[in-house]
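Participant: The following file, start_38.txt, comprises compact mmCIF, C-alpha atoms:
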```txt
# COMPACT_ATOMS: atom_id res chain seq x y z
CA MET A 96 125.54 89.15 115.11
CA SER A 97 123.05 86.84 113.43
CA ALA A 98 121.92 86.65 109.81
CA PHE A 99 118.65 88.25 110.88
CA ASP A 100 120.14 91.53 112.10
CA ASP A 101 119.90 93.10 108.63
CA PHE A 102 116.09 92.96 108.45
CA ASP A 103 114.19 96.24 108.87
CA GLN A 104 111.25 94.45 110.46
CA PRO A 105 111.34 92.03 113.40
CA THR A 106 111.22 88.34 112.56
CA LEU A 107 110.00 85.28 114.39
CA ARG A 108 111.40 81.81 114.10
CA VAL A 109 108.63 79.32 113.50
CA LYS A 110 109.13 75.55 113.52
CA GLN A 111 107.44 73.37 110.91
CA GLU A 112 107.01 69.65 111.22
CA SER A 113 110.60 69.27 110.11
CA ASP A 114 113.45 70.61 112.21
CA GLU A 115 114.32 73.33 109.70
CA PRO A 116 113.28 76.80 110.85
CA ILE A 117 111.36 79.14 108.56
CA LEU A 118 111.02 82.90 108.86
CA ARG A 119 107.83 84.89 109.09
CA VAL A 120 107.93 88.69 108.97
CA VAL A 121 105.91 90.46 111.64
CA LYS A 122 104.44 93.58 110.07
CA LYS A 123 104.71 96.73 112.09
CA GLU A 124 101.66 98.93 112.19
CA ILE A 125 101.50 102.70 112.11
CA ARG A 126 98.59 104.88 113.11
CA LEU A 127 98.17 107.92 110.86
CA VAL A 128 96.18 110.68 112.58
CA SER A 129 94.43 113.33 110.51
CA GLN A 130 93.90 117.01 111.29
CA ASP A 131 90.41 116.26 112.59
CA GLY A 132 91.58 113.38 114.81
CA GLU A 133 90.59 110.41 112.61
CA SER A 134 93.01 107.50 112.93
CA PHE A 135 93.98 105.10 110.18
CA VAL A 136 95.96 101.99 111.07
CA THR A 137 98.11 100.67 108.25
CA THR A 138 101.33 98.76 107.83
CA GLU A 139 104.66 100.50 107.91
CA GLU A 140 105.28 99.31 104.35
CA ILE A 141 102.16 101.08 103.06
CA ALA A 142 102.73 104.20 105.17
CA GLN A 143 106.27 104.51 103.84
CA MET A 144 104.99 105.35 100.36
CA SER A 145 104.96 108.80 101.91
CA GLU A 146 108.47 110.22 102.09
CA LEU A 147 107.28 112.41 104.99
CA VAL A 148 106.11 109.39 106.97
CA LYS A 149 109.25 107.43 106.06
CA THR A 150 111.40 110.27 107.42
CA MET A 151 109.34 110.43 110.60
CA ILE A 152 109.75 106.68 111.10
CA VAL A 153 113.51 106.87 110.57
CA ASP A 154 113.74 109.84 112.94
CA GLY A 155 111.77 107.85 115.50
CA VAL A 156 108.03 107.78 116.04
CA GLU A 157 106.96 108.19 119.63
CA GLY A 158 105.22 105.21 121.15
CA ASP A 159 106.12 101.56 121.42
CA ASP A 160 105.89 99.14 118.50
CA GLU A 161 102.24 98.50 119.34
CA ASP A 162 101.09 102.12 119.38
CA ARG A 163 103.05 104.32 116.99
CA GLU A 164 101.22 107.45 115.84
CA ILE A 165 102.11 109.91 113.15
CA PRO A 166 100.16 113.18 113.22
CA LEU A 167 99.33 114.68 109.82
CA PRO A 168 97.99 118.13 110.75
CA ASN A 169 97.58 119.29 107.13
CA VAL A 170 95.33 116.41 106.01
CA HIS A 171 91.61 115.98 106.79
CA GLY A 172 90.27 112.52 107.63
CA GLU A 173 88.20 112.15 104.44
CA ILE A 174 91.26 112.85 102.34
CA LEU A 175 93.59 110.71 104.46
CA ALA A 176 91.19 107.80 103.91
CA LYS A 177 91.67 108.25 100.15
CA VAL A 178 95.46 108.49 100.58
CA VAL A 179 95.52 105.22 102.55
CA GLU A 180 93.23 103.56 99.98
CA PHE A 181 95.53 104.61 97.12
CA CYS A 182 98.74 103.57 98.91
CA THR A 183 97.28 100.21 99.95
CA HIS A 184 96.24 99.35 96.39
CA TYR A 185 99.55 100.61 94.99
CA THR A 186 101.59 98.57 97.47
CA LYS A 187 99.51 95.40 97.78
CA VAL A 188 97.73 94.96 94.43
CA GLU A 189 99.52 96.74 91.58
CA ALA A 190 101.70 99.77 91.14
CA MET A 191 100.32 102.46 88.87
CA THR A 192 101.74 102.80 85.38
CA GLU A 193 104.08 105.78 85.35
CA LEU A 194 102.49 108.76 83.63
CA GLU A 195 104.35 110.21 80.67
CA LYS A 196 104.73 113.97 80.70
CA PRO A 197 103.32 115.84 78.94
CA LEU A 198 100.13 113.79 78.90
CA LYS A 199 99.57 112.04 75.58
CA ASP A 200 95.79 112.08 76.04
CA SER A 201 93.32 113.86 78.31
CA ASP A 202 91.42 110.57 78.80
CA LEU A 203 92.98 109.08 81.94
CA THR A 204 91.43 105.68 81.23
CA LYS A 205 93.94 105.40 78.37
CA LEU A 206 96.91 106.34 80.55
CA VAL A 207 96.61 104.30 83.76
CA GLN A 208 95.03 101.06 84.93
CA ASP A 209 91.26 100.92 85.52
CA TYR A 210 91.52 101.11 89.30
CA TYR A 211 93.52 104.34 89.22
CA SER A 212 91.40 106.04 86.58
CA SER A 213 88.21 105.10 88.46
CA PHE A 214 89.75 106.22 91.74
CA ILE A 215 90.58 109.74 90.52
CA LEU A 216 87.61 110.22 88.18
CA SER A 217 85.16 109.41 91.00
CA LEU A 218 86.32 112.47 92.97
CA ASP A 219 84.85 115.94 92.63
CA HIS A 220 87.12 118.93 91.93
CA ASP A 221 87.30 119.94 95.59
CA ALA A 222 88.39 116.44 96.66
CA VAL A 223 91.02 116.32 93.88
CA PHE A 224 92.34 119.70 95.03
CA HIS A 225 92.66 118.54 98.67
CA LEU A 226 94.09 115.18 97.62
CA THR A 227 96.70 117.02 95.54
CA LEU A 228 97.66 119.11 98.57
CA ALA A 229 97.86 115.97 100.75
CA ALA A 230 99.97 114.07 98.20
CA ASN A 231 102.32 117.04 97.96
CA TYR A 232 102.53 117.52 101.76
CA MET A 233 103.04 113.80 102.39
CA ASP A 234 105.39 113.53 99.39
CA ILE A 235 103.69 110.61 97.63
CA ARG A 236 104.91 110.99 94.05
CA PRO A 237 102.58 108.51 92.26
CA LEU A 238 99.48 110.00 93.91
CA LEU A 239 100.64 113.55 93.18
CA ASP A 240 101.25 112.60 89.54
CA LEU A 241 97.75 111.11 89.26
CA CYS A 242 96.13 114.19 90.81
CA CYS A 243 98.08 116.54 88.54
CA ALA A 244 97.15 114.41 85.51
CA LYS A 245 93.48 114.76 86.48
CA ILE A 246 93.83 118.54 86.71
CA ALA A 247 95.79 118.67 83.44
CA SER A 248 93.05 116.64 81.73
CA LEU A 249 90.55 119.34 82.70
CA ILE A 250 92.72 121.94 80.95
CA LYS A 251 94.38 120.15 78.01
CA GLY A 252 92.93 121.20 74.67
CA LYS A 253 90.26 123.43 76.22
CA THR A 254 89.41 127.05 75.53
CA PRO A 255 89.65 129.55 78.40
CA GLU A 256 85.85 129.49 78.68
CA GLU A 257 85.80 125.67 78.92
CA ILE A 258 88.54 125.75 81.55
CA ARG A 259 86.60 128.29 83.61
CA ASN A 260 83.48 126.12 83.36
CA ASN A 261 85.36 122.90 84.23
CA LEU A 262 87.05 124.44 87.25
CA ASN A 263 84.18 126.72 88.32
CA ILE A 264 86.29 129.84 87.88
CA VAL A 265 84.42 133.11 87.73
CA ASN A 266 85.54 135.45 84.94
CA ASP A 267 85.98 138.74 86.74
CA PHE A 268 87.44 140.58 83.73
CA SER A 269 85.37 143.17 81.93
CA PRO A 270 85.11 142.53 78.16
CA GLU A 271 87.67 145.30 77.59
CA GLU A 272 90.14 143.85 80.12
CA GLU A 273 89.75 140.38 78.65
CA ALA A 274 90.39 141.69 75.12
CA LYS A 275 93.53 143.48 76.35
CA VAL A 276 94.87 140.33 78.06
CA ARG A 277 94.15 138.24 74.95
CA GLU A 278 96.02 140.77 72.79
CA GLU A 279 99.02 140.86 75.15
CA ASN A 280 99.18 137.06 75.17
CA ARG A 281 98.41 136.35 71.53
CA TRP A 282 101.80 134.63 71.26
CA ALA A 283 100.50 131.83 73.53
CA ASP A 284 97.99 130.81 70.86
CA ASP A 285 100.93 129.94 68.59
CA LEU A 286 102.17 127.43 71.19
CA SER A 287 99.05 125.25 71.12
CA CYS A 288 99.78 121.61 70.49
```
As structure tokens - that is how I would like this structure written.

Facilitator:
Amino acid sequence: MSAFDDFDQPTLRVKQESDEPILRVVKKEIRLVSQDGESFVTTEEIAQMSELVKTMIVDGVEGDDEDREIPLPNVHGEILAKVVEFCTHYTKVEAMTELEKPLKDSDLTKLVQDYYSSFILSLDHDAVFHLTLAANYMDIRPLLDLCCAKIASLIKGKTPEEIRNNLNIVNDFSPEEEAKVREENRWADDLSC
């Protein structure tokens, strides 16, 4: 047994001009395949932000080290591209500031770094919805927290009418039904922050 047996990733011995060996880590690549067949090649380190992917790697991904694929049948290619973008930035550039719950402010630019607020604020509601589903399915906690914070910011401090407008929800109650629901839930108004 050598001192190198404990590494998760394979290593290569490389000689410098001196006789002392140095180590260089060879990064394993993973191919993530979306529902619509789009492939995204990323490093194992980045892919393992997803607990689902990490489990699949531990359980053994089919294919040799050069061609390992992980199918993600619940995630469309457009959304998987955003997932990979988020995970790459999080892993290689800077981790996102952990979001306090409940949110202290509905302005996400005050809660997370510029990259993350720009990332989520640039998406339309439909994309945020699908990204939330993907983050939940793939079990990527920081991305799920960011998506939920975006949704919460659309609701926090808003009237029911503003929430319906923000989320494009059609009010299918008659005025009488709406008045009845408001009366039955009057206690909720006392809980407002």

Participant: Would you mind listing what lies within 8 Å of segment 253-267 of chain A as a list in words, with all atoms listed in the file counted and same-chain residues fewer than 3 positions away left out?

Facilitator: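 Using all atoms listed in the file, the neighbours found are His220, Leu249 and Ile250 of chain A.
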
Participant: Within 8 Å of (106.0, 111.6, 89.5) (coordinates as in the file), grab all the protein and nucleic acid residues, counting all atoms listed in the file, and write them out as a list in words.

Facilitator: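 Residues lying no farther than 8 Å from the given point: Glu193, Leu194, Arg236, Pro237, Leu239 and Asp240 of chain A.
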
Participant: Could you give me, as a PyMOL selection string, the residues within 12 Å of segment 207-213 of chain A, counting all atoms listed in the file and dropping anything in the same chain fewer than 3 positions from it?

Facilitator: chain A and resi 177+180-182+184-185+188-195+198-204+216-218+237-238+240-242+244-245+248

Participant: Pick the closest to Ala222 of chain A from A:Arg163, A:Arg277, A:His171, A:Lys149: which is it, counting all atoms listed in the file?

Facilitator: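 Among the listed residues, the smallest separation from Ala222 of chain A belongs to A:His171.
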
Participant: Can you pull out the residues contacting segment 135-139 of chain A? Cut-off 8 Å, using all atoms listed in the file, and skip same-chain residues under 4 positions away; I want them as a PyMOL selection string.

Facilitator: chain A and resi 122-128+143+176+179

Participant: At a cut-off of 12 Å, using only C-alpha atoms, what residues contact Thr150 of chain A? Leave out same-chain residues fewer than 5 positions from it and give the result as a PDB file with C-alpha atoms, keeping the file's coordinate frame.

Facilitator:
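Output (result32.pdb):
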```pdb
ATOM      1  CA  GLU A 139     104.660 100.500 107.910  1.00  0.00           C
ATOM      2  CA  ALA A 142     102.730 104.200 105.170  1.00  0.00           C
ATOM      3  CA  GLN A 143     106.270 104.510 103.840  1.00  0.00           C
ATOM      4  CA  MET A 144     104.990 105.350 100.360  1.00  0.00           C
ATOM      5  CA  SER A 145     104.960 108.800 101.910  1.00  0.00           C
ATOM      6  CA  GLY A 155     111.770 107.850 115.500  1.00  0.00           C
ATOM      7  CA  VAL A 156     108.030 107.780 116.040  1.00  0.00           C
ATOM      8  CA  ILE A 165     102.110 109.910 113.150  1.00  0.00           C
ATOM      9  CA  MET A 233     103.040 113.800 102.390  1.00  0.00           C
ATOM     10  CA  ASP A 234     105.390 113.530  99.390  1.00  0.00           C
TER      11      ASP A 234
END
```

Participant: Kindly indicate which residue among A:Asn169, A:Thr186, A:Ser269, A:Asn231 lies nearest to Gln130 of chain A, using only C-alpha atoms for the distances.

Facilitator: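 Under the stated criterion, the closest residue is A:Asn169.
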
Participant: What is the distance between atom CA of Pro168 of chain A and atom CA of Leu147 of chain A, in Å to one decimal?

Facilitator: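 Taking atom CA of Pro168 of chain A and atom CA of Leu147 of chain A, their separation equals 12.3 Å.
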
Participant: Suppose you want the space between atom CA of Ile246 of chain A and atom CA of Gly132 of chain A; what is it in Å?

Facilitator: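 Computing the Euclidean distance for atom CA of Ile246 of chain A and atom CA of Gly132 of chain A yields 28.7 Å.
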
Participant: Around segment 249-252 of chain A, fit a box with edges along x, y and z, padding it by 8 Å on each side, then list its centre and edge lengths in Å to one decimal as lines of an AutoDock Vina configuration file.

Facilitator:
```
center_x = 92.5
center_y = 120.6
center_z = 78.7
size_x = 19.8
size_y = 18.6
size_z = 24.0
```

Participant: Just how far from atom CA of Gly172 of chain A is atom CA of Ser134 of chain A, in Å to one decimal?

Facilitator: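 Separation between atom CA of Ser134 of chain A and atom CA of Gly172 of chain A: 7.8 Å.
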